[in-house]
Structure formats: C-alpha cells, structure tokens
file upload-v9.cif (mmCIF, C-alpha atoms and all ligand atoms)
data_coords
loop_
_atom_site.group_PDB
_atom_site.id
_atom_site.type_symbol
_atom_site.label_atom_id
_atom_site.label_comp_id
_atom_site.auth_asym_id
_atom_site.auth_seq_id
_atom_site.Cartn_x
_atom_site.Cartn_y
_atom_site.Cartn_z
ATOM 1 C CA MET A 1 44.953 49.068 96.923
ATOM 2 C CA THR A 2 42.940 48.832 93.714
ATOM 3 C CA THR A 3 39.855 46.697 93.514
ATOM 4 C CA THR A 4 37.251 46.025 90.865
ATOM 5 C CA LEU A 5 34.627 45.309 93.517
ATOM 6 C CA PRO A 6 32.153 48.089 94.215
ATOM 7 C CA ALA A 7 32.670 49.489 97.722
ATOM 8 C CA SER A 8 28.932 49.860 98.030
ATOM 9 C CA GLY A 9 25.885 49.254 95.943
ATOM 10 C CA ARG A 10 22.575 47.571 96.026
ATOM 11 C CA TYR A 11 21.757 43.906 95.534
ATOM 12 C CA ALA A 12 18.413 42.167 95.168
ATOM 13 C CA VAL A 13 16.725 38.904 94.323
ATOM 14 C CA PHE A 14 14.150 39.249 91.538
ATOM 15 C CA GLY A 15 11.220 36.860 91.413
ATOM 16 C CA ASN A 16 7.440 36.568 91.330
ATOM 17 C CA PRO A 17 6.362 35.535 93.904
ATOM 18 C CA ILE A 18 9.304 36.530 96.093
ATOM 19 C CA ALA A 19 8.055 37.043 99.670
ATOM 20 C CA HIS A 20 9.112 33.487 100.619
ATOM 21 C CA SER A 21 12.731 34.003 99.469
ATOM 22 C CA LYS A 22 15.455 33.184 101.971
ATOM 23 C CA SER A 23 18.114 34.974 99.903
ATOM 24 C CA PRO A 24 18.032 38.336 101.771
ATOM 25 C CA ARG A 25 18.565 36.512 105.081
ATOM 26 C CA ILE A 26 21.288 34.301 103.641
ATOM 27 C CA HIS A 27 23.240 37.240 102.229
ATOM 28 C CA ALA A 28 22.812 39.278 105.431
ATOM 29 C CA MET A 29 24.256 36.327 107.406
ATOM 30 C CA PHE A 30 27.113 35.947 104.897
ATOM 31 C CA ALA A 31 27.986 39.647 105.135
ATOM 32 C CA ALA A 32 27.945 39.602 108.929
ATOM 33 C CA SER A 33 30.166 36.532 109.034
ATOM 34 C CA VAL A 34 32.878 38.111 106.858
ATOM 35 C CA GLY A 35 32.641 41.591 108.387
ATOM 36 C CA GLN A 36 31.059 43.272 105.372
ATOM 37 C CA GLN A 37 27.816 45.136 104.880
ATOM 38 C CA ILE A 38 25.428 44.411 102.056
ATOM 39 C CA ASP A 39 22.203 46.093 101.014
ATOM 40 C CA TYR A 40 20.238 43.108 99.632
ATOM 41 C CA VAL A 41 16.459 43.020 99.309
ATOM 42 C CA ALA A 42 13.732 40.840 97.813
ATOM 43 C CA ARG A 43 12.218 42.537 94.780
ATOM 44 C CA LEU A 44 8.778 41.575 93.482
ATOM 45 C CA CYS A 45 9.200 41.988 89.748
ATOM 46 C CA PRO A 46 6.020 42.418 87.684
ATOM 47 C CA LEU A 47 5.481 39.536 85.238
ATOM 48 C CA GLY A 48 6.702 40.414 81.746
ATOM 49 C CA GLU A 49 8.716 43.399 82.994
ATOM 50 C CA PHE A 50 12.046 41.897 83.932
ATOM 51 C CA ALA A 51 14.250 43.984 81.621
ATOM 52 C CA ALA A 52 12.511 47.247 82.514
ATOM 53 C CA ASP A 53 12.592 46.496 86.244
ATOM 54 C CA LEU A 54 16.283 45.564 86.093
ATOM 55 C CA GLU A 55 16.966 48.912 84.445
ATOM 56 C CA ARG A 56 15.042 50.715 87.209
ATOM 57 C CA PHE A 57 17.123 48.780 89.744
ATOM 58 C CA ARG A 58 20.324 49.794 87.941
ATOM 59 C CA ASN A 59 19.210 53.453 88.090
ATOM 60 C CA GLU A 60 18.652 53.048 91.844
ATOM 61 C CA GLY A 61 22.286 51.946 92.249
ATOM 62 C CA GLY A 62 21.869 48.204 91.673
ATOM 63 C CA VAL A 63 25.153 46.392 91.001
ATOM 64 C CA GLY A 64 24.182 42.736 91.469
ATOM 65 C CA ALA A 65 21.159 40.495 91.494
ATOM 66 C CA ASN A 66 20.006 36.958 91.986
ATOM 67 C CA VAL A 67 17.131 35.846 89.831
ATOM 68 C CA THR A 68 14.553 33.183 90.550
ATOM 69 C CA VAL A 69 11.337 31.812 89.071
ATOM 70 C CA PRO A 70 10.094 32.827 86.514
ATOM 71 C CA PHE A 71 12.848 35.163 85.299
ATOM 72 C CA LYS A 72 15.975 33.012 84.832
ATOM 73 C CA LEU A 73 15.603 32.952 81.030
ATOM 74 C CA ASP A 74 15.008 36.733 80.975
ATOM 75 C CA ALA A 75 18.140 37.297 83.064
ATOM 76 C CA PHE A 76 20.182 35.333 80.558
ATOM 77 C CA ALA A 77 18.631 37.227 77.633
ATOM 78 C CA VAL A 78 19.263 40.659 79.162
ATOM 79 C CA ALA A 79 22.964 40.074 79.887
ATOM 80 C CA ARG A 80 25.509 41.096 77.251
ATOM 81 C CA GLU A 81 28.110 38.706 78.684
ATOM 82 C CA ALA A 82 27.509 35.196 80.023
ATOM 83 C CA SER A 83 29.635 32.560 81.745
ATOM 84 C CA LEU A 84 30.008 29.201 79.997
ATOM 85 C CA ARG A 85 27.786 27.499 82.543
ATOM 86 C CA ALA A 86 25.042 30.117 82.016
ATOM 87 C CA GLN A 87 25.356 29.551 78.259
ATOM 88 C CA GLN A 88 25.026 25.792 78.779
ATOM 89 C CA ALA A 89 21.956 26.299 80.975
ATOM 90 C CA GLY A 90 20.462 28.987 78.732
ATOM 91 C CA ALA A 91 19.397 30.572 82.005
ATOM 92 C CA ALA A 92 20.939 32.698 84.757
ATOM 93 C CA ASN A 93 20.344 33.112 88.482
ATOM 94 C CA PHE A 94 23.132 35.691 88.898
ATOM 95 C CA LEU A 95 23.778 39.164 87.460
ATOM 96 C CA MET A 96 26.668 41.529 88.060
ATOM 97 C CA TRP A 97 27.061 45.034 86.612
ATOM 98 C CA ARG A 98 30.374 45.330 84.783
ATOM 99 C CA GLY A 99 30.889 49.036 84.108
ATOM 100 C CA ASP A 100 28.595 49.317 81.113
ATOM 101 C CA HIS A 101 26.735 46.003 80.896
ATOM 102 C CA TRP A 102 25.273 43.102 82.858
ATOM 103 C CA TYR A 103 27.283 39.887 83.149
ATOM 104 C CA CYS A 104 25.333 36.739 83.995
ATOM 105 C CA ASP A 105 26.200 33.383 85.511
ATOM 106 C CA ASN A 106 24.393 30.283 86.717
ATOM 107 C CA THR A 107 25.592 29.250 90.182
ATOM 108 C CA ASP A 108 23.056 26.432 90.749
ATOM 109 C CA GLY A 109 25.345 23.680 89.463
ATOM 110 C CA ALA A 110 28.293 24.877 91.519
ATOM 111 C CA GLY A 111 26.004 25.021 94.570
ATOM 112 C CA LEU A 112 24.827 21.452 94.026
ATOM 113 C CA VAL A 113 28.333 20.111 93.400
ATOM 114 C CA ARG A 114 29.728 21.842 96.491
ATOM 115 C CA ASP A 115 26.899 20.557 98.663
ATOM 116 C CA ILE A 116 27.396 16.973 97.460
ATOM 117 C CA GLU A 117 31.195 16.965 97.455
ATOM 118 C CA THR A 118 32.136 19.269 100.348
ATOM 119 C CA ASN A 119 29.172 19.071 102.707
ATOM 120 C CA GLN A 120 28.135 15.453 102.052
ATOM 121 C CA GLY A 121 31.712 14.292 101.419
ATOM 122 C CA VAL A 122 30.867 12.386 98.224
ATOM 123 C CA ALA A 123 33.393 12.907 95.399
ATOM 124 C CA LEU A 124 31.567 12.592 92.077
ATOM 125 C CA ARG A 125 34.616 11.519 90.117
ATOM 126 C CA GLY A 126 34.252 7.924 88.891
ATOM 127 C CA LYS A 127 30.747 7.594 90.367
ATOM 128 C CA ARG A 128 27.560 6.460 88.657
ATOM 129 C CA VAL A 129 25.074 9.329 88.847
ATOM 130 C CA LEU A 130 21.338 9.281 88.070
ATOM 131 C CA LEU A 131 19.664 12.612 87.379
ATOM 132 C CA LEU A 132 15.854 12.667 87.480
ATOM 133 C CA GLY A 133 14.171 15.380 85.394
ATOM 134 C CA ALA A 134 15.043 17.381 82.311
ATOM 135 C CA GLY A 135 13.594 20.824 83.029
ATOM 136 C CA GLY A 136 15.200 24.116 83.990
ATOM 137 C CA ALA A 137 16.683 22.761 87.209
ATOM 138 C CA VAL A 138 18.511 20.002 85.320
ATOM 139 C CA ARG A 139 19.739 22.338 82.575
ATOM 140 C CA GLY A 140 21.335 24.458 85.315
ATOM 141 C CA VAL A 141 23.317 21.605 86.860
ATOM 142 C CA ILE A 142 24.145 19.031 84.187
ATOM 143 C CA GLY A 143 27.240 20.824 82.824
ATOM 144 C CA PRO A 144 28.884 21.315 86.259
ATOM 145 C CA LEU A 145 28.042 17.695 87.235
ATOM 146 C CA LEU A 146 29.727 16.345 84.078
ATOM 147 C CA LEU A 147 32.815 18.474 84.748
ATOM 148 C CA ARG A 148 33.301 16.441 87.952
ATOM 149 C CA GLU A 149 34.024 13.385 85.748
ATOM 150 C CA PRO A 150 31.456 10.821 86.900
ATOM 151 C CA GLU A 151 31.886 7.374 85.343
ATOM 152 C CA ALA A 152 28.367 7.661 83.931
ATOM 153 C CA LEU A 153 25.491 10.127 84.130
ATOM 154 C CA VAL A 154 22.034 8.808 83.268
ATOM 155 C CA VAL A 155 19.107 11.196 82.793
ATOM 156 C CA VAL A 156 15.561 9.892 83.279
ATOM 157 C CA ASN A 157 12.584 12.128 82.633
ATOM 158 C CA ARG A 158 8.827 11.577 82.535
ATOM 159 C CA THR A 159 8.824 13.047 79.020
ATOM 160 C CA HIS A 160 11.628 10.993 77.508
ATOM 161 C CA ALA A 161 12.042 13.185 74.398
ATOM 162 C CA THR A 162 13.089 16.157 76.568
ATOM 163 C CA ALA A 163 15.842 14.086 78.194
ATOM 164 C CA VAL A 164 17.043 12.834 74.799
ATOM 165 C CA GLU A 165 17.205 16.399 73.482
ATOM 166 C CA LEU A 166 19.112 17.641 76.526
ATOM 167 C CA VAL A 167 21.593 14.778 76.573
ATOM 168 C CA GLY A 168 22.255 15.345 72.870
ATOM 169 C CA HIS A 169 24.112 18.566 73.740
ATOM 170 C CA TYR A 170 26.665 16.675 75.860
ATOM 171 C CA ALA A 171 26.820 13.069 74.620
ATOM 172 C CA ALA A 172 29.672 13.619 72.142
ATOM 173 C CA GLN A 173 31.965 14.817 74.946
ATOM 174 C CA TYR A 174 30.760 13.096 78.095
ATOM 175 C CA PRO A 175 29.481 9.651 79.266
ATOM 176 C CA VAL A 176 25.848 10.750 79.484
ATOM 177 C CA THR A 177 22.729 8.902 78.276
ATOM 178 C CA ALA A 178 18.954 9.268 78.510
ATOM 179 C CA LEU A 179 16.786 6.317 79.567
ATOM 180 C CA THR A 180 13.080 5.891 80.173
ATOM 181 C CA ALA A 181 12.050 4.829 83.665
ATOM 182 C CA GLU A 182 11.028 1.461 82.185
ATOM 183 C CA GLN A 183 14.482 0.969 80.639
ATOM 184 C CA LEU A 184 16.080 1.947 83.925
ATOM 185 C CA VAL A 185 14.107 -0.665 85.841
ATOM 186 C CA ALA A 186 14.530 -3.341 83.149
ATOM 187 C CA THR A 187 18.317 -2.985 82.979
ATOM 188 C CA GLY A 188 18.695 -3.123 86.766
ATOM 189 C CA GLN A 189 21.333 -0.395 86.891
ATOM 190 C CA ARG A 190 22.542 0.839 90.296
ATOM 191 C CA PHE A 191 23.808 4.325 91.125
ATOM 192 C CA ASP A 192 26.067 5.872 93.758
ATOM 193 C CA VAL A 193 24.329 9.255 93.620
ATOM 194 C CA VAL A 194 20.667 9.794 92.646
ATOM 195 C CA ILE A 195 19.545 13.400 92.285
ATOM 196 C CA ASN A 196 15.866 14.316 92.068
ATOM 197 C CA ALA A 197 15.692 17.520 90.015
ATOM 198 C CA THR A 198 12.032 17.117 89.084
ATOM 199 C CA SER A 199 9.310 19.208 90.667
ATOM 200 C CA ALA A 200 7.448 15.993 91.577
ATOM 201 C CA SER A 201 8.088 16.538 95.295
ATOM 202 C CA LEU A 202 5.971 19.712 95.151
ATOM 203 C CA SER A 203 2.898 17.570 94.453
ATOM 204 C CA GLY A 204 3.989 14.700 96.692
ATOM 205 C CA ALA A 205 4.621 12.476 93.637
ATOM 206 C CA LEU A 206 7.421 9.996 93.124
ATOM 207 C CA PRO A 207 9.405 10.490 89.883
ATOM 208 C CA LEU A 208 10.204 6.748 89.515
ATOM 209 C CA PRO A 209 8.209 3.509 89.779
ATOM 210 C CA GLN A 210 7.715 2.536 93.416
ATOM 211 C CA ASP A 211 9.566 -0.774 92.991
ATOM 212 C CA ALA A 212 12.663 0.586 91.188
ATOM 213 C CA ALA A 213 15.862 -0.871 92.689
ATOM 214 C CA ILE A 214 18.502 1.713 91.805
ATOM 215 C CA PHE A 215 20.709 2.329 94.824
ATOM 216 C CA ALA A 216 24.258 0.956 94.974
ATOM 217 C CA SER A 217 25.706 0.240 98.390
ATOM 218 C CA ASP A 218 26.567 3.481 100.221
ATOM 219 C CA ALA A 219 24.421 5.516 97.788
ATOM 220 C CA LEU A 220 23.453 9.141 98.361
ATOM 221 C CA ALA A 221 19.898 10.198 97.457
ATOM 222 C CA TYR A 222 19.623 13.953 96.927
ATOM 223 C CA ASP A 223 16.458 16.005 96.405
ATOM 224 C CA MET A 224 16.912 19.570 95.190
ATOM 225 C CA MET A 225 13.667 20.449 96.989
ATOM 226 C CA TYR A 226 13.607 20.971 100.737
ATOM 227 C CA GLY A 227 11.027 21.529 103.406
ATOM 228 C CA LYS A 228 10.141 20.977 107.032
ATOM 229 C CA ALA A 229 9.862 17.214 106.486
ATOM 230 C CA PRO A 230 11.765 14.853 104.149
ATOM 231 C CA THR A 231 10.287 14.795 100.631
ATOM 232 C CA VAL A 232 8.382 11.781 99.317
ATOM 233 C CA PHE A 233 11.445 10.935 97.194
ATOM 234 C CA LEU A 234 13.828 10.978 100.164
ATOM 235 C CA ARG A 235 11.496 8.874 102.306
ATOM 236 C CA TRP A 236 11.180 6.370 99.464
ATOM 237 C CA ALA A 237 14.973 6.368 98.888
ATOM 238 C CA GLY A 238 15.589 5.579 102.557
ATOM 239 C CA GLN A 239 13.190 2.642 102.362
ATOM 240 C CA ARG A 240 14.680 1.408 99.062
ATOM 241 C CA GLY A 241 18.255 1.167 100.337
ATOM 242 C CA ALA A 242 19.907 4.577 99.949
ATOM 243 C CA ALA A 243 22.549 4.792 102.680
ATOM 244 C CA ARG A 244 22.143 8.556 102.978
ATOM 245 C CA THR A 245 19.555 11.155 102.054
ATOM 246 C CA CYS A 246 19.946 14.909 101.674
ATOM 247 C CA ASP A 247 17.569 17.715 100.685
ATOM 248 C CA GLY A 248 18.334 20.886 98.723
ATOM 249 C CA LEU A 249 18.813 23.357 101.593
ATOM 250 C CA GLY A 250 22.607 23.110 101.302
ATOM 251 C CA MET A 251 22.437 23.714 97.552
ATOM 252 C CA LEU A 252 20.389 26.863 98.174
ATOM 253 C CA VAL A 253 23.010 28.225 100.562
ATOM 254 C CA GLU A 254 25.980 27.154 98.431
ATOM 255 C CA GLN A 255 24.615 28.729 95.225
ATOM 256 C CA ALA A 256 24.205 31.918 97.234
ATOM 257 C CA ALA A 257 27.807 31.680 98.501
ATOM 258 C CA GLU A 258 28.925 31.305 94.887
ATOM 259 C CA SER A 259 27.098 34.557 94.134
ATOM 260 C CA TYR A 260 28.495 36.357 97.157
ATOM 261 C CA VAL A 261 32.123 35.561 96.360
ATOM 262 C CA GLN A 262 31.767 36.945 92.859
ATOM 263 C CA TRP A 263 30.185 40.192 94.056
ATOM 264 C CA ARG A 264 32.160 40.780 97.229
ATOM 265 C CA GLY A 265 35.457 38.914 96.713
ATOM 266 C CA VAL A 266 35.173 36.691 99.800
ATOM 267 C CA LEU A 267 33.715 33.159 99.983
ATOM 268 C CA PRO A 268 31.547 33.174 103.123
ATOM 269 C CA PRO A 269 31.281 30.017 105.254
ATOM 270 C CA ALA A 270 28.058 28.211 104.367
ATOM 271 C CA ALA A 271 27.823 25.793 107.322
ATOM 272 C CA PRO A 272 26.566 28.219 110.008
ATOM 273 C CA VAL A 273 23.951 29.627 107.624
ATOM 274 C CA MET A 274 22.768 26.124 106.733
ATOM 275 C CA ALA A 275 22.524 25.251 110.417
ATOM 276 C CA GLN A 276 20.529 28.397 111.166
ATOM 277 C CA LEU A 277 18.074 27.857 108.301
ATOM 278 C CA ARG A 278 17.683 24.189 109.246
ATOM 279 C CA ALA A 279 16.869 25.146 112.836
ATOM 280 C CA GLU A 280 14.252 27.609 111.598
ATOM 281 C CA LEU A 281 12.589 24.900 109.495
ATOM 282 C CA LEU A 282 12.055 22.638 112.484
ATOM 283 C CA PRO A 283 8.791 23.087 114.392
ATOM 284 C CA SER A 284 9.368 25.116 117.585
HETATM 285 P P1 LIG B 301 12.214 23.243 86.969
HETATM 286 O O1 LIG B 301 12.728 24.592 86.576
HETATM 287 O O2 LIG B 301 11.912 23.090 88.435
HETATM 288 O O3 LIG B 301 13.077 22.122 86.449
HETATM 289 P P2 LIG B 301 10.392 22.630 84.869
HETATM 290 O O4 LIG B 301 11.297 23.184 83.841
HETATM 291 O O5 LIG B 301 8.913 22.870 84.743
HETATM 292 O O6 LIG B 301 10.777 23.139 86.309
HETATM 293 O O7 LIG B 301 10.674 21.042 84.960
HETATM 294 C C1 LIG B 301 9.978 20.228 85.845
HETATM 295 C C2 LIG B 301 10.584 18.831 85.753
HETATM 296 O O8 LIG B 301 9.954 17.972 86.694
HETATM 297 C C3 LIG B 301 10.385 18.177 84.396
HETATM 298 O O9 LIG B 301 11.465 17.320 84.144
HETATM 299 C C4 LIG B 301 9.092 17.388 84.623
HETATM 300 O O10 LIG B 301 8.908 16.317 83.730
HETATM 301 P P3 LIG B 301 8.271 16.573 82.265
HETATM 302 O O11 LIG B 301 9.379 17.046 81.388
HETATM 303 O O12 LIG B 301 7.729 15.269 81.879
HETATM 304 O O13 LIG B 301 7.189 17.619 82.473
HETATM 305 C C5 LIG B 301 9.330 16.891 86.006
HETATM 306 N N1 LIG B 301 8.121 16.526 86.740
HETATM 307 C C6 LIG B 301 7.177 17.357 87.221
HETATM 308 N N2 LIG B 301 6.217 16.657 87.873
HETATM 309 C C7 LIG B 301 6.564 15.339 87.810
HETATM 310 C C8 LIG B 301 5.987 14.131 88.298
HETATM 311 N N3 LIG B 301 4.837 14.139 88.999
HETATM 312 N N4 LIG B 301 6.633 12.972 88.042
HETATM 313 C C9 LIG B 301 7.781 12.954 87.344
HETATM 314 N N5 LIG B 301 8.379 14.069 86.851
HETATM 315 C C10 LIG B 301 7.778 15.245 87.084
#

call {"tool": "encode", "arguments": {"input": "upload-v9.cif", "output": "structure tokens", "more": "lines below"}}
Ligand code: ATR
result
Amino acid sequence: MTTTLPASGRYAVFGNPIAHSKSPRIHAMFAASVGQQIDYVARLCPLGEFAADLERFRNEGGVGANVTVPFKLDAFAVAREASLRAQQAGAANFLMWRGDHWYCDNTDGAGLVRDIETNQGVALRGKRVLLLGAGGAVRGVIGPLLLREPEALVVVNRTHATAVELVGHYAAQYPVTALTAEQLVATGQRFDVVINATSASLSGALPLPQDAAIFASDALAYDMMYGKAPTVFLRWAGQRGAARTCDGLGMLVEQAAESYVQWRGVLPPAAPVMAQLRAELLPS
C-alpha cells in the first residue's frame, strides 16, 4: 500500500508561553484511541525566532506542528503553501511538511463549526449569528462560519472600525454586516447563536452592554474561552435568556482533531477527550 503520510516523525506545538498547553495530552489521547503512536511535544519558542526554531525542528525530524500565541502570523508567513481558510485568516495554527516545503492551514474555524454543529447539535444554516470581536480569533473563524450559510452574520467589536474593515472582505459575497454595540441594542435584533470571540473574558469583562436583549428563543451562547467556571459572558447569557451556553473546550479539541486527521489520515473521536479534559477542569 502506498501512503503519503509519514510513518513516523515528530510533531510539536510552538508557543510562548507554552507550558499550559493541552495539545500534547490531546494528541496523545487521539493517537491511543486510534491505535497509532505520535511523538508530540510542547515547544517553547523564543520570541522573534519562529522561522529559525521551525527550521531546527525540521532538522530534528519535525513533520508537523500546531502553532499558538504569538506565532500564528509567523506560521502563515513561513509556509510556501496555504489553505484557503489560512489565507482568509492571514494566520495559521497548523503546519505540515510536504516534501520540500511547509504547508499551512487554520483549523480553528473548522473546530468551532464542528463543536457548534456536531457536539451542540445546532445547524448554522439559515440561522442568525452574532460574532463578538474582530481580532485574530475572529479572523480565524469568520470564513468557515459564512460557508455554513447562516441567514445573517453580524460582527460587533469594541473598536468598530476593525469590524468594518474585516467585514469588508466578505460583504460582497455573504450576508455579513458590522454594527456598533449601540446600534445592536437600538435595533433590537435577536440571534440564534451568539459567539464571544473577544478576549474580554480573560479580564472578567462583558463585551456587550449589560442590558442588551439579543437572544432569540432557543439561542446558543458560545464563548471561545474556557475555564474551571463559566465565563462572565456565559453567566450573563444564561441570565439574559440564552437557552444554552457552551465554552470553548470543545473547539480546542475539535481544532486538534482537524490537525490530527491531516497529519495521520484518521479522524480521532473528540468526545472522550473532551470528557476527560472537562473532568480534569473540575475541582477534585
Ligand atoms: P485574539 O487573537 O484573541 O482575537 P486580539 O487580536 O488581541 O486577540 O483581539 C482581541 C479582541 O477582543 C478584539 O476584538 C478586542 O477589541 P478591540 O478591537 O476593540 O481591541 C476584544 N476585546 C478585548 N477586551 C475587550 C473588552 N474588555 N471588551 C470588549 N472587547 C474586548
């Protein structure tokens, strides 16, 4: 049998800091569940040295990498070939060695879509979706979200000009608009899916006015962040009428599964890994 997949080889997640990364554990669990072995480690990459460190990794037998903060733009720049979704994002979280060059992809959007549609059971097609934020996290997911054919996608960001600029890349082809938070509240629009892709949860802030009434009946509120306890946004969403709330742990695992299948040719089951990580988050 011929295969283009490397029989062996090294994999790593590059970041700085990186000690907190769950990716090595996730990929070890994936490999065990599909009967494969994978050599995958966390790699603390010196700031400003991404390209040089990736080359060192290649010389050590590296064939694939995930990339996290602050190197996703560097990963895109270093790759000679990029998937469409990485081009749309202008950033990559995935690298694969292709014989004589690095290929890059961005699996964040696919991870988010699979978590919402498969794990949460909410088909995005025909839905009204609100996306909060306009930074790197949003650039990584907006293209894949629009491909799911929502009825409307509204982007609200604290700095409105950034949302306008981002939406401008898609508005000719897709039903996507940028609104200020004030416009959102004033027009009284309701949404089936509200995704918080801001980093506001990190500082315990709410990315919308406290009194915003934005949830349609049966709405899903999704925060790309996750932690031991529900984020401020998810707590607020529950109080403001969201029928369901979900944090970003499933997206983390699903974006990893989307990496694994490209490297190793098998899509590993995400559910047991999500359950294990969730159990580890809970206080013992
Ligand atoms: P990331 O890669 O996580 O998206 P980023 O590119 O720095 O990080 O973007 C952070 C996003 O969170 C931005 O949309 C930011 O809004 P601004 O464009 O106005 O900076 C948003 N954000 C961060 N803190 C926020 C807060 N307290 N309230 C609302 N939005 C916030």

call {"tool": "resolve_selection", "arguments": {"input": "upload-v9.cif", "expression": "the PyMOL selection byres (((chain A and resi 101-116) around 8) and not hetatm)", "output": "VMD selection string"}}
result
chain A and resid 75 to 76 78 to 86 89 91 to 100 117 to 123 140 to 145 250 to 259

call {"tool": "write_last_selection", "arguments": {"input": "upload-v9.cif", "atoms": "C-alpha atoms", "output": "JSON list (two decimals), keeping the file's coordinate frame"}}
result
[["chain", "number", "residue", "atom", "x", "y", "z"],
["A", 75, "ALA", "CA", 18.14, 37.30, 83.06],
["A", 76, "PHE", "CA", 20.18, 35.33, 80.56],
["A", 78, "VAL", "CA", 19.26, 40.66, 79.16],
["A", 79, "ALA", "CA", 22.96, 40.07, 79.89],
["A", 80, "ARG", "CA", 25.51, 41.10, 77.25],
["A", 81, "GLU", "CA", 28.11, 38.71, 78.68],
["A", 82, "ALA", "CA", 27.51, 35.20, 80.02],
["A", 83, "SER", "CA", 29.64, 32.56, 81.74],
["A", 84, "LEU", "CA", 30.01, 29.20, 80.00],
["A", 85, "ARG", "CA", 27.79, 27.50, 82.54],
["A", 86, "ALA", "CA", 25.04, 30.12, 82.02],
["A", 89, "ALA", "CA", 21.96, 26.30, 80.97],
["A", 91, "ALA", "CA", 19.40, 30.57, 82.00],
["A", 92, "ALA", "CA", 20.94, 32.70, 84.76],
["A", 93, "ASN", "CA", 20.34, 33.11, 88.48],
["A", 94, "PHE", "CA", 23.13, 35.69, 88.90],
["A", 95, "LEU", "CA", 23.78, 39.16, 87.46],
["A", 96, "MET", "CA", 26.67, 41.53, 88.06],
["A", 97, "TRP", "CA", 27.06, 45.03, 86.61],
["A", 98, "ARG", "CA", 30.37, 45.33, 84.78],
["A", 99, "GLY", "CA", 30.89, 49.04, 84.11],
["A", 100, "ASP", "CA", 28.60, 49.32, 81.11],
["A", 117, "GLU", "CA", 31.20, 16.96, 97.46],
["A", 118, "THR", "CA", 32.14, 19.27, 100.35],
["A", 119, "ASN", "CA", 29.17, 19.07, 102.71],
["A", 120, "GLN", "CA", 28.14, 15.45, 102.05],
["A", 121, "GLY", "CA", 31.71, 14.29, 101.42],
["A", 122, "VAL", "CA", 30.87, 12.39, 98.22],
["A", 123, "ALA", "CA", 33.39, 12.91, 95.40],
["A", 140, "GLY", "CA", 21.34, 24.46, 85.32],
["A", 141, "VAL", "CA", 23.32, 21.60, 86.86],
["A", 142, "ILE", "CA", 24.14, 19.03, 84.19],
["A", 143, "GLY", "CA", 27.24, 20.82, 82.82],
["A", 144, "PRO", "CA", 28.88, 21.32, 86.26],
["A", 145, "LEU", "CA", 28.04, 17.70, 87.24],
["A", 250, "GLY", "CA", 22.61, 23.11, 101.30],
["A", 251, "MET", "CA", 22.44, 23.71, 97.55],
["A", 252, "LEU", "CA", 20.39, 26.86, 98.17],
["A", 253, "VAL", "CA", 23.01, 28.22, 100.56],
["A", 254, "GLU", "CA", 25.98, 27.15, 98.43],
["A", 255, "GLN", "CA", 24.62, 28.73, 95.22],
["A", 256, "ALA", "CA", 24.20, 31.92, 97.23],
["A", 257, "ALA", "CA", 27.81, 31.68, 98.50],
["A", 258, "GLU", "CA", 28.92, 31.30, 94.89],
["A", 259, "SER", "CA", 27.10, 34.56, 94.13]]

call {"tool": "resolve_selection", "arguments": {"input": "upload-v9.cif", "expression": "the PyMOL selection byres (((chain A and resi 198) around 8) and not hetatm)", "output": "NGL selection string"}}
result
:A and (132-135 or 137 or 196-197 or 199-201 or 207)

call {"tool": "axis_aligned_box", "arguments": {"input": "upload-v9.cif", "around": "range 52-56 of chain A", "padding_each_side": "5 Å", "output": "lines of an AutoDock Vina configuration file"}}
result
center_x = 14.7
center_y = 48.1
center_z = 84.9
size_x = 14.5
size_y = 15.2
size_z = 14.7

call {"tool": "closest_residue", "arguments": {"input": "upload-v9.cif", "among": "A:Leu202, A:Ile26, A:Ile18, A:Leu146", "to": "Ala42 in chain A", "atoms": "all atoms listed in the file"}}
result
A:Ile18

call {"tool": "resolve_selection", "arguments": {"input": "upload-v9.cif", "expression": "the PyMOL selection byres (((chain A and resi 192) around 12) and not hetatm)", "output": "MDAnalysis selection string"}}
result
chainID A and resid 116 122:131 150:154 189:191 193:195 214:222 241:245

call {"tool": "closest_residue", "arguments": {"input": "upload-v9.cif", "among": "A:Val41, A:Val138, A:Ala28, A:Ala161", "to": "Asp223 in chain A", "atoms": "only C-alpha atoms"}}
result
A:Val138

call {"tool": "closest_residue", "arguments": {"input": "upload-v9.cif", "among": "A:Tyr170, A:Glu55, A:Ala213, A:Val69", "to": "Thr187 in chain A", "atoms": "all atoms listed in the file"}}
result
A:Ala213

call {"tool": "atom_distance", "arguments": {"input": "upload-v9.cif", "atom1": "CA of Ala31 in chain A", "atom2": "CA of Pro272 in chain A"}}
result
12.5 Å

call {"tool": "closest_residue", "arguments": {"input": "upload-v9.cif", "among": "A:Ala212, A:Ala229, A:Val167, A:Val155", "to": "ligand LIG 301 (chain B)", "atoms": "all atoms listed in the file"}}
result
A:Val155

call {"tool": "atom_distance", "arguments": {"input": "upload-v9.cif", "atom1": "CA of Val67 in chain A", "atom2": "CA of Tyr174 in chain A"}}
result
29.0 Å

call {"tool": "closest_residue", "arguments": {"input": "upload-v9.cif", "among": "A:Thr162, A:Thr68, A:Thr180, A:Gln262", "to": "ligand LIG 301 (chain B)", "atoms": "only C-alpha atoms and all ligand atoms"}}
result
A:Thr162

call {"tool": "atom_distance", "arguments": {"input": "upload-v9.cif", "atom1": "CA of Phe71 in chain A", "atom2": "atom O7 of ligand LIG 301 (chain B)"}}
result
14.3 Å

call {"tool": "closest_residue", "arguments": {"input": "upload-v9.cif", "among": "A:Ala32, A:Leu184, A:Leu166, A:Leu267", "to": "ligand LIG 301 (chain B)", "atoms": "only C-alpha atoms and all ligand atoms"}}
result
A:Leu166

call {"tool": "residues_near_point", "arguments": {"input": "upload-v9.cif", "point": "(14.3, 24.8, 107.8)", "cutoff": "9 Å", "atoms": "all atoms listed in the file", "output": "list in words"}}
result
Tyr226, Gly227, Lys228, Ala229, Leu249, Met274, Ala275, Gln276, Leu277, Arg278, Ala279, Glu280, Leu281, Leu282 and Pro283 of chain A
